[in-house]
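The structure appears right after this line, and notes come after that.
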There are 2 protein chains.
Amino acid sequence: MLLAKQKTKEDPRITRTRALLINALGGLMQEKSFEAITVGEIAQRATVNRVTFYAHFQDKYELLEAWTRQLIREKIGAQLPQPNPFSEEKLALLLRLVCSFLTDFLGHCPPPHGKLEPLIEKQIKSELYQIILTWLRSAPAKSISTPDQVATVTAWAMYGAAWEWSQTPKREPVDEFIPQVLPLIASNLQALTHSKSNQVHTRQSAGGSGAYALLRQFQFSPN
Amino acid sequence: MLLAKQKTKEDPRITRTRALLINALGGLMQEKSFEAITVGEIAQRATVNRVTFYAHFQDKYELLEAWTRQLIREKIGAQLPQPNPFSEEKLALLLRLVCSFLTDFLGHCPPPHGKLEPLIEKQIKSELYQIILTWLRSAPAKSISTPDQVATVTAWAMYGAAWEWSQTPKREPVDEFIPQVLPLIASNLQALTHSKSNQVHTRQSAGGSGAYALLRQFQFSPN
DNA sequence: TGAAATTTGTAGCTTAGGCTACACCAAAGG
DNA sequence: CCTTTGGTGTAGCCTAAGCTACAAATTTCA
């Protein structure tokens with residue numbers, strides 16, 4: 001109803017109200033755990049009627065998704081000076097952004113983070129997937145794998161690396177961590193810099209089924 | 001924040017839109033002179049339709065009044081810890097606030113300040129009048145003059161002093177200035193601290209006409 | 001000067017948002 | 001147990017705000 005993304009410009013009231021609600025949730029998330037927050041509180045802090053909330057979001061979980069998505073776009077996607085072209089420095093920066101997001105973010109919000117962590121995992125990987133896919137589209141893809149496959153694998157690898165690092169109690173500083181894992185991640189993107197095709201296919205699977213089929217299943221839907 | 005205290009609660013959309021417009025003007029006033037600002041610009045920066053502007057304000061001059069009034073309330077009225085009871089320290093603080101408002105404020109806005117200065121003069125005096133009147137109401141008024149008269153005279157005296165000081169090119173620091181003029185101003189308020197009636201009446205006028213009649217004419221209308 | 005471009009202010013219509021009221025559900029708590 | 005309490009979600013109505021369009025001023029500039 002109100003959510004229809006039409007080609008015609010969006011009514012400013014819609015943008016404004018959504019922004020108010022998202023920011024209100026952001027404020028409350030610094031004060032109490034998500035589960036303890038009620039729709040009424042969110043609406044009140046947003047100076048918006050509670051009924052209006054439901055005109056924009058199914059429930060508070062849907063708002064949570066919108067909030068984290070915006071945060072991720074701000075802190076990760078928007079920090080890359082310009083998306084194209086690809087460079088190894090940009091890949092390093094991207095990984096660093098994911099790392100700092102993970103450390104900062106959870107510090108901001110009082111636990112428990114029950115439903116929060118799977119959500120941001122999903123969304124960060126989705127964001128990474130989109131960014132990498134943009135790189136792949138603007139470069140000659142000589143890999144034997146499809147761009148979607150490369151993007152998916154790289155996104156998962158990057159997030160996994162950052163996640164593992166962020167969970168380590170006595171972890172090394174980011175500046176040491178990044179050069180250590182970057183080669184593992186960048187190997188998938190060799191096609192972008194030299195035209196050498198990678199070896200993944202012959203290593204992983206002898207037939208048409210296996211890891212690739214699985215990956216295809218779990219590819220992110222656009223946006 | 002916004003003052004229309006009707007018995008029926010004000011629609012939140014109204015307060016929000018007014019606040020957006022006022023803040024938009026505040027931003028623009030730091031960038032260019034008031035005369036150079038158009039209604040369209042204000043509305044755009046407020047993320048509000050230009051037509052909506054006219055639903056709230058007659059023209060940009062009326063918005064200017066609202067903006068300055070809010071600023072004055074924030075910087076002066078709201079800085080007094082609690083209005084009552086009266087004390088000489090509070091009077092000194094009040095004068096200091098007026099001084100710093102005058103110096104800060106004009107620095108923020110690019111000249112020319114043509115219509116601006118008479119406006120803030122009127123509004124600051126009005127604010128002072130209200131504050132002083134509150135003091136007078138909560139204290140035994142033993143003066144021969146009416147509270148309105150005392151409040152008016154004191155407000156004018158305070159603003160006049162602060163204005164003269166702020167216009168002096170090589171002025172002394174506020175901390176020296178305030179003790180110098182405060183006795184002149186406070187004399188009107190003696191009735192608040194001791195019950196000695198002041199001498200103004202016998203000094204100023206021999207009959208029923210004269211300064212008092214003039215003052216009565218120029219008393220501020222409530223809000 | 002006089003035409004073009006802005007800006008101003010208003011009218012009429014459409015839509016988002018505010019409000020009341022209500023049904024539903026779940027968690028206390030007597 | 002059943003009542004209270006508080007959060008959830010929806011329906012219907014009313015109002016504020018958005019949009020288009022247009023008729024004046026007003027400013028700009030050739």
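Residue numbering restarts at 1 in every chain; chains get A, B, ... in the order shown in the structure tokens, and ligands count up from 1 in that same order.
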Counting only C-alpha atoms (C1' of nucleotides), collect the residues of chain C whose closest atom lies at most 7 Å from chain A, and write them out as a list in words.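 Taken together, these residues fit the definition: DA16, DG17 and DG18 of chain C.
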Could the residues in this selection be written to a file with C-alpha atoms (C1' of nucleotides), as a short mmCIF file (atom, residue, chain, number, x, y, z; two decimals), in the first residue's frame?
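Below you can see part.cif, which holds the result:
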```cif
data_model
loop_
_atom_site.label_atom_id
_atom_site.label_comp_id
_atom_site.auth_asym_id
_atom_site.auth_seq_id
_atom_site.Cartn_x
_atom_site.Cartn_y
_atom_site.Cartn_z
"C1'" DA C 16 -0.31 10.57 4.27
"C1'" DG C 17 -0.82 10.96 8.93
"C1'" DG C 18 -3.42 11.75 13.45
#
```
Near DT28 of chain D, counting only C-alpha atoms (C1' of nucleotides), which residues have an atom at most 9 Å away, once you skip same-chain residues fewer than 6 positions from it, shown as a PyMOL selection string? chain C and resi 4-6
Chain D contacts to chain A at 10 Å (only C-alpha atoms (C1' of nucleotides)) as a ChimeraX atom specification: /D:7-10,17-19
Counting only C-alpha atoms, which of B:Ile185, B:Ala46, B:Ala36, B:Leu25 gets nearest to chain A?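 Closest to chain A, using only C-alpha atoms: B:Ala46.
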DSSP on the backbone, then: every residue of segment 98-189 of chain B marked alpha helix (DSSP H), written as an MDAnalysis selection string. chainID B and resid 98:108 116:137 147:167 174:186
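Atom pair atom CA of Leu136 of chain A / atom CA of Phe86 of chain A: separated by 8.3 Å.
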Quick one: residues within 12 Å of DA25 of chain D, only C-alpha atoms (C1' of nucleotides) counted, chain neighbours fewer than 5 positions away excluded, as a ChimeraX atom specification? /C:6-9
Requested write-out: N, CA and C atoms (P, O5', C5', C4', C3', O3' and C1' of nucleotides) of the selected residues, as a JSON list (two decimals), in the first residue's frame:
```
[["chain", "number", "residue", "atom", "x", "y", "z"],
["C", 6, "DT", "P", 14.96, 31.46, -14.20],
["C", 6, "DT", "O5'", 14.38, 31.75, -12.77],
["C", 6, "DT", "C5'", 13.50, 32.85, -12.61],
["C", 6, "DT", "C4'", 13.78, 33.57, -11.32],
["C", 6, "DT", "C3'", 13.37, 32.77, -10.09],
["C", 6, "DT", "O3'", 14.05, 33.26, -8.94],
["C", 6, "DT", "C1'", 11.77, 34.46, -10.54],
["C", 7, "DT", "P", 13.96, 32.41, -7.56],
["C", 7, "DT", "O5'", 12.73, 33.11, -6.83],
["C", 7, "DT", "C5'", 12.78, 34.51, -6.57],
["C", 7, "DT", "C4'", 11.42, 35.01, -6.17],
["C", 7, "DT", "C3'", 10.73, 34.16, -5.09],
["C", 7, "DT", "O3'", 10.59, 34.94, -3.91],
["C", 7, "DT", "C1'", 9.23, 34.79, -6.81],
["C", 8, "DT", "P", 9.78, 34.35, -2.66],
["C", 8, "DT", "O5'", 8.31, 34.83, -2.96],
["C", 8, "DT", "C5'", 8.00, 36.22, -3.01],
["C", 8, "DT", "C4'", 6.52, 36.40, -3.27],
["C", 8, "DT", "C3'", 5.60, 35.78, -2.22],
["C", 8, "DT", "O3'", 4.77, 36.79, -1.68],
["C", 8, "DT", "C1'", 4.92, 35.20, -4.42],
["C", 9, "DG", "P", 4.30, 36.63, -0.18],
["C", 9, "DG", "O5'", 2.87, 35.95, -0.42],
["C", 9, "DG", "C5'", 1.89, 36.71, -1.12],
["C", 9, "DG", "C4'", 0.83, 35.82, -1.73],
["C", 9, "DG", "C3'", 0.13, 34.84, -0.78],
["C", 9, "DG", "O3'", -1.21, 35.29, -0.58],
["C", 9, "DG", "C1'", 0.52, 33.92, -2.93]]
```
